Each structure stands twice: as C-alpha cells, then as structure tokens.
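**Q** Following this message is one structure expressed as structure tokens.
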Amino acid sequence: MANDKHEIAMIGDRDSILLAKAAGLAVFPEADGDGASKRIHRLAREGVKVIFITEPLFAQCGEAIEQYKQESFPAIIPIPDSHGSTGVAMAQIKSNVEKAIGADILFS
C-alpha cells in the first residue's frame with residue numbers, strides 16, 4: 001500500500017469492494033469490525049485521505065471512526081454493501097449536514 005501512494009481506499013466484504021479495485025482504488029477485504037478498525041488505523045498512518053467503508057463494517061467500527069471525526073483526514077464515508085443500504089450512510093450524511101449548517105435541510 002505505501003508504495004502505491006493511494007489516497008482513496010475501500011474496506012468491506014470481498015463482493016462489495018471488487019468493482020472498486022477495477023476503478024483503481026486500493027481495496028481491503030475485511031470480514032469483521034475488529035479487522036476493519038485495525039485497517040482504518042493503518043490506512044490513516046499511511047496518509048490515505050478518504051476511506052470508503054461498507055455500512056455493516058462502519059456500524060461495527062464506531063470507536064475507530066470516532067477517533068478520526070475531528071481530524072481533517074482521513075474522511076471515513078459509509079457506503080452500501082452488495083446487499084443494499086441499511087440506512088447508515090444516509091443517517092451519517094444527514095448528521096453531517098445538520099452539524100455543518102445547524103438544520104436538517106435534506107429531510108425536513
């Protein structure tokens with residue numbers, strides 16, 4: 001990873017992240033929250049700027065994600081997995097918009 005100098009990475013189950021590899025993203029298959037949390041920390045140390053993570057793993061990595069919320073990088077963004085959305089990504093976007101402007105302009 002360090003030699004590739006990727007700035008965008010994706011973490012998730014193998015089926016969900018395979019297409020991202022074809023698009024040139026650094027992809028990291030992880031099966032559980034513990035492995036994904038360790039991967040988040042490793043990618044942050046390596047200077048990755050954006051980490052996309054599937055919603056099921058995002059929900060399991062709360063402590064690792066919370067650690068980087070106040071940092072400029074990495075931006076950790078939940079995305080639906082190959083089974084569809086659980087609503088986690090949209091809830092995160094809604095929360096970020098509310099924080100940024102002080103009101104819910106998306107769903108009000």
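Residue numbering restarts at 1 for every chain of the structure tokens, chains are lettered A, B, ... in their displayed order, and ligands are numbered from 1 as they appear.
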Can you tell me which residues surround Phe58 (chain A) at a distance of at most 12 Å, considering only C-alpha atoms, apart from same-chain residues fewer than 3 positions away, and format the answer as a PyMOL selection string?

**A** chain A and resi 10-13+30-37+40+51-55+61-66+76-81+86-89+91-92

**Q** Taking only C-alpha atoms into account, name the residue in A:Lys21, A:Phe28, A:Gln70, A:Glu7 that is nearest to Arg45 (chain A).

**A**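 Answer, going by the shortest atom-to-atom distance: A:Glu7.
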
**Q** Mind the document's chain letters and residue numbers, and return as a PyMOL selection string the residues of chain A that DSSP labels alpha helix (DSSP H).

**A** chain A and resi 14-22+33-45+55-60+62-68+88-101

**Q** Using N, CA and C atoms, can you export the residues from the last selection as a CSV table (one decimal), in the first residue's frame?

**A**
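This went into again01.csv:
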```csv
chain,number,residue,atom,x,y,z
A,14,ARG,N,-15.5,-8.9,0.4
A,14,ARG,CA,-14.9,-9.1,-1.0
A,14,ARG,C,-15.9,-8.7,-2.1
A,15,ASP,N,-17.1,-9.2,-2.0
A,15,ASP,CA,-18.1,-8.9,-3.1
A,15,ASP,C,-18.4,-7.5,-3.3
A,16,SER,N,-18.4,-6.7,-2.2
A,16,SER,CA,-18.8,-5.3,-2.3
A,16,SER,C,-17.6,-4.4,-2.8
A,17,ILE,N,-16.4,-4.8,-2.6
A,17,ILE,CA,-15.3,-3.9,-3.0
A,17,ILE,C,-14.6,-4.3,-4.3
A,18,LEU,N,-15.0,-5.4,-4.9
A,18,LEU,CA,-14.3,-5.9,-6.1
A,18,LEU,C,-14.3,-4.9,-7.2
A,19,LEU,N,-15.4,-4.3,-7.4
A,19,LEU,CA,-15.6,-3.3,-8.5
A,19,LEU,C,-14.7,-2.1,-8.3
A,20,ALA,N,-14.5,-1.7,-7.1
A,20,ALA,CA,-13.7,-0.5,-6.7
A,20,ALA,C,-12.2,-0.7,-7.2
A,21,LYS,N,-11.8,-2.0,-7.1
A,21,LYS,CA,-10.4,-2.3,-7.5
A,21,LYS,C,-10.3,-2.0,-9.0
A,22,ALA,N,-11.2,-2.4,-9.8
A,22,ALA,CA,-11.2,-2.1,-11.2
A,22,ALA,C,-11.2,-0.6,-11.5
A,33,GLY,N,-15.5,-6.2,12.3
A,33,GLY,CA,-15.3,-4.8,12.7
A,33,GLY,C,-13.9,-4.7,13.3
A,34,ASP,N,-13.4,-5.7,14.0
A,34,ASP,CA,-12.0,-5.6,14.6
A,34,ASP,C,-11.0,-5.5,13.5
A,35,GLY,N,-11.1,-6.3,12.4
A,35,GLY,CA,-10.1,-6.2,11.3
A,35,GLY,C,-10.2,-4.9,10.6
A,36,ALA,N,-11.5,-4.4,10.4
A,36,ALA,CA,-11.7,-3.2,9.7
A,36,ALA,C,-11.2,-2.0,10.5
A,37,SER,N,-11.3,-2.0,11.9
A,37,SER,CA,-10.8,-0.9,12.7
A,37,SER,C,-9.3,-0.9,12.6
A,38,LYS,N,-8.7,-2.0,12.7
A,38,LYS,CA,-7.2,-2.0,12.6
A,38,LYS,C,-6.8,-1.5,11.2
A,39,ARG,N,-7.5,-1.8,10.2
A,39,ARG,CA,-7.2,-1.4,8.8
A,39,ARG,C,-7.4,0.1,8.7
A,40,ILE,N,-8.4,0.7,9.4
A,40,ILE,CA,-8.6,2.1,9.4
A,40,ILE,C,-7.4,2.8,10.0
A,41,HIS,N,-7.0,2.4,11.1
A,41,HIS,CA,-5.8,3.0,11.8
A,41,HIS,C,-4.6,2.9,10.9
A,42,ARG,N,-4.3,1.7,10.3
A,42,ARG,CA,-3.2,1.5,9.4
A,42,ARG,C,-3.2,2.5,8.2
A,43,LEU,N,-4.4,2.6,7.6
A,43,LEU,CA,-4.5,3.5,6.4
A,43,LEU,C,-4.3,4.9,6.8
A,44,ALA,N,-4.9,5.3,8.0
A,44,ALA,CA,-4.7,6.7,8.4
A,44,ALA,C,-3.2,7.0,8.6
A,45,ARG,N,-2.4,6.1,9.2
A,45,ARG,CA,-1.0,6.3,9.4
A,45,ARG,C,-0.3,6.4,8.1
A,55,GLU,N,-21.4,-0.2,5.0
A,55,GLU,CA,-22.2,0.1,6.1
A,55,GLU,C,-22.2,-0.9,7.3
A,56,PRO,N,-22.2,-2.2,7.0
A,56,PRO,CA,-22.2,-3.1,8.1
A,56,PRO,C,-20.9,-3.0,8.9
A,57,LEU,N,-19.7,-2.8,8.2
A,57,LEU,CA,-18.5,-2.6,9.0
A,57,LEU,C,-18.4,-1.2,9.6
A,58,PHE,N,-18.9,-0.2,9.0
A,58,PHE,CA,-19.0,1.1,9.6
A,58,PHE,C,-19.7,1.1,10.9
A,59,ALA,N,-20.8,0.3,11.0
A,59,ALA,CA,-21.5,0.2,12.2
A,59,ALA,C,-20.8,-0.5,13.3
A,60,GLN,N,-19.8,-1.3,12.9
A,60,GLN,CA,-19.0,-2.1,13.9
A,60,GLN,C,-17.7,-1.4,14.3
A,62,GLY,N,-17.3,1.9,15.4
A,62,GLY,CA,-17.6,3.2,16.0
A,62,GLY,C,-16.4,3.9,16.7
A,63,GLU,N,-15.6,3.1,17.5
A,63,GLU,CA,-14.5,3.7,18.2
A,63,GLU,C,-13.4,4.2,17.3
A,64,ALA,N,-13.1,3.4,16.3
A,64,ALA,CA,-12.0,3.8,15.4
A,64,ALA,C,-12.5,5.1,14.6
A,65,ILE,N,-13.7,5.0,14.1
A,65,ILE,CA,-14.3,6.1,13.3
A,65,ILE,C,-14.3,7.4,14.1
A,66,GLU,N,-14.8,7.3,15.4
A,66,GLU,CA,-14.9,8.4,16.3
A,66,GLU,C,-13.5,9.1,16.5
A,67,GLN,N,-12.5,8.3,16.5
A,67,GLN,CA,-11.2,8.9,16.7
A,67,GLN,C,-10.7,9.9,15.6
A,68,TYR,N,-11.3,9.7,14.4
A,68,TYR,CA,-10.9,10.5,13.2
A,68,TYR,C,-11.9,11.5,12.9
A,88,VAL,N,-27.4,3.5,7.2
A,88,VAL,CA,-26.4,4.1,7.9
A,88,VAL,C,-25.7,5.2,7.2
A,89,ALA,N,-25.5,5.0,5.9
A,89,ALA,CA,-24.8,6.1,5.1
A,89,ALA,C,-25.7,7.4,5.1
A,90,MET,N,-26.9,7.2,4.8
A,90,MET,CA,-27.8,8.4,4.8
A,90,MET,C,-27.9,9.0,6.1
A,91,ALA,N,-28.0,8.3,7.2
A,91,ALA,CA,-28.0,8.9,8.5
A,91,ALA,C,-26.8,9.7,8.8
A,92,GLN,N,-25.6,9.2,8.4
A,92,GLN,CA,-24.4,9.9,8.6
A,92,GLN,C,-24.3,11.2,7.8
A,93,ILE,N,-24.8,11.1,6.5
A,93,ILE,CA,-24.9,12.4,5.7
A,93,ILE,C,-25.8,13.4,6.4
A,94,LYS,N,-27.0,12.9,6.8
A,94,LYS,CA,-27.9,13.8,7.5
A,94,LYS,C,-27.3,14.5,8.7
A,95,SER,N,-26.6,13.7,9.5
A,95,SER,CA,-25.9,14.2,10.7
A,95,SER,C,-24.9,15.2,10.4
A,96,ASN,N,-24.1,14.9,9.3
A,96,ASN,CA,-23.0,15.9,8.9
A,96,ASN,C,-23.6,17.2,8.4
A,97,VAL,N,-24.7,17.1,7.7
A,97,VAL,CA,-25.4,18.3,7.1
A,97,VAL,C,-25.9,19.1,8.3
A,98,GLU,N,-26.6,18.5,9.3
A,98,GLU,CA,-27.1,19.2,10.4
A,98,GLU,C,-26.0,19.9,11.2
A,99,LYS,N,-24.9,19.2,11.4
A,99,LYS,CA,-23.7,19.7,12.1
A,99,LYS,C,-23.2,21.0,11.4
A,100,ALA,N,-23.1,20.9,10.0
A,100,ALA,CA,-22.4,21.9,9.2
A,100,ALA,C,-23.3,23.2,9.2
A,101,ILE,N,-24.6,23.0,9.1
A,101,ILE,CA,-25.4,24.2,8.9
A,101,ILE,C,-26.4,24.5,10.0
```

**Q** Within 7 Å of Ile8 (chain A), counting only C-alpha atoms, which residues qualify if same-chain residues fewer than 6 places away don't, as a count of residues only?

**A** 6

**Q** Can you list every residue in region 1-102 of chain A that DSSP puts in strand (DSSP E or B), as JSON, numbers by chain?

**A** {"A": [8, 9, 10, 11, 12, 26, 27, 28, 29, 50, 51, 52, 53, 54, 75, 76, 77, 78, 79, 81, 84]}

**Q** Write the selection just made, keeping N, CA and C atoms, as a PDB file, in the first residue's frame?

**A**
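The file below, again26.pdb, is the result:
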```pdb
ATOM      1  N   ILE A   8      -7.195   7.145  -1.811  1.00  0.00           N
ATOM      2  CA  ILE A   8      -8.562   6.688  -1.588  1.00  0.00           C
ATOM      3  C   ILE A   8      -8.537   5.175  -1.438  1.00  0.00           C
ATOM      4  N   ALA A   9      -9.197   4.676  -0.393  1.00  0.00           N
ATOM      5  CA  ALA A   9      -9.247   3.237  -0.148  1.00  0.00           C
ATOM      6  C   ALA A   9     -10.681   2.832   0.156  1.00  0.00           C
ATOM      7  N   MET A  10     -10.926   1.536   0.010  1.00  0.00           N
ATOM      8  CA  MET A  10     -12.240   0.993   0.342  1.00  0.00           C
ATOM      9  C   MET A  10     -12.059  -0.263   1.183  1.00  0.00           C
ATOM     10  N   ILE A  11     -12.860  -0.345   2.239  1.00  0.00           N
ATOM     11  CA  ILE A  11     -12.853  -1.503   3.137  1.00  0.00           C
ATOM     12  C   ILE A  11     -14.244  -2.127   3.110  1.00  0.00           C
ATOM     13  N   GLY A  12     -14.302  -3.431   2.984  1.00  0.00           N
ATOM     14  CA  GLY A  12     -15.594  -4.108   3.015  1.00  0.00           C
ATOM     15  C   GLY A  12     -15.455  -5.567   2.686  1.00  0.00           C
ATOM     16  N   ALA A  26      -7.570   1.478  -3.856  1.00  0.00           N
ATOM     17  CA  ALA A  26      -6.941   0.454  -3.023  1.00  0.00           C
ATOM     18  C   ALA A  26      -8.061  -0.212  -2.246  1.00  0.00           C
ATOM     19  N   VAL A  27      -8.186  -1.516  -2.355  1.00  0.00           N
ATOM     20  CA  VAL A  27      -9.279  -2.222  -1.691  1.00  0.00           C
ATOM     21  C   VAL A  27      -8.735  -3.192  -0.652  1.00  0.00           C
ATOM     22  N   PHE A  28      -9.491  -3.317   0.441  1.00  0.00           N
ATOM     23  CA  PHE A  28      -9.071  -4.151   1.553  1.00  0.00           C
ATOM     24  C   PHE A  28     -10.257  -4.956   2.056  1.00  0.00           C
ATOM     25  N   PRO A  29     -10.306  -6.240   1.707  1.00  0.00           N
ATOM     26  CA  PRO A  29     -11.407  -7.061   2.214  1.00  0.00           C
ATOM     27  C   PRO A  29     -11.242  -7.327   3.707  1.00  0.00           C
ATOM     28  N   VAL A  50      -9.156   9.457   1.987  1.00  0.00           N
ATOM     29  CA  VAL A  50     -10.573   9.078   2.007  1.00  0.00           C
ATOM     30  C   VAL A  50     -10.670   7.564   2.137  1.00  0.00           C
ATOM     31  N   ILE A  51     -11.472   7.124   3.095  1.00  0.00           N
ATOM     32  CA  ILE A  51     -11.724   5.695   3.278  1.00  0.00           C
ATOM     33  C   ILE A  51     -13.223   5.456   3.142  1.00  0.00           C
ATOM     34  N   PHE A  52     -13.605   4.721   2.109  1.00  0.00           N
ATOM     35  CA  PHE A  52     -14.981   4.264   1.972  1.00  0.00           C
ATOM     36  C   PHE A  52     -15.066   2.931   2.699  1.00  0.00           C
ATOM     37  N   ILE A  53     -16.128   2.761   3.477  1.00  0.00           N
ATOM     38  CA  ILE A  53     -16.291   1.512   4.230  1.00  0.00           C
ATOM     39  C   ILE A  53     -17.755   1.091   4.152  1.00  0.00           C
ATOM     40  N   THR A  54     -17.978  -0.192   3.929  1.00  0.00           N
ATOM     41  CA  THR A  54     -19.358  -0.660   3.799  1.00  0.00           C
ATOM     42  C   THR A  54     -20.126  -0.451   5.105  1.00  0.00           C
ATOM     43  N   ALA A  75     -11.119  11.109   5.754  1.00  0.00           N
ATOM     44  CA  ALA A  75     -12.576  11.183   5.750  1.00  0.00           C
ATOM     45  C   ALA A  75     -13.061   9.741   5.632  1.00  0.00           C
ATOM     46  N   ILE A  76     -13.896   9.299   6.561  1.00  0.00           N
ATOM     47  CA  ILE A  76     -14.392   7.923   6.556  1.00  0.00           C
ATOM     48  C   ILE A  76     -15.868   7.960   6.171  1.00  0.00           C
ATOM     49  N   ILE A  77     -16.179   7.374   5.025  1.00  0.00           N
ATOM     50  CA  ILE A  77     -17.500   7.512   4.424  1.00  0.00           C
ATOM     51  C   ILE A  77     -18.168   6.152   4.286  1.00  0.00           C
ATOM     52  N   PRO A  78     -19.333   5.974   4.926  1.00  0.00           N
ATOM     53  CA  PRO A  78     -20.050   4.700   4.790  1.00  0.00           C
ATOM     54  C   PRO A  78     -20.728   4.603   3.424  1.00  0.00           C
ATOM     55  N   ILE A  79     -20.718   3.415   2.855  1.00  0.00           N
ATOM     56  CA  ILE A  79     -21.391   3.152   1.580  1.00  0.00           C
ATOM     57  C   ILE A  79     -22.164   1.842   1.701  1.00  0.00           C
ATOM     58  N   ASP A  81     -23.325  -1.928   0.984  1.00  0.00           N
ATOM     59  CA  ASP A  81     -22.580  -3.088   0.510  1.00  0.00           C
ATOM     60  C   ASP A  81     -23.348  -3.751  -0.623  1.00  0.00           C
ATOM     61  N   GLY A  84     -27.207  -4.026  -0.427  1.00  0.00           N
ATOM     62  CA  GLY A  84     -28.055  -2.844  -0.384  1.00  0.00           C
ATOM     63  C   GLY A  84     -27.803  -2.010   0.859  1.00  0.00           C
TER      64      GLY A  84
END
```
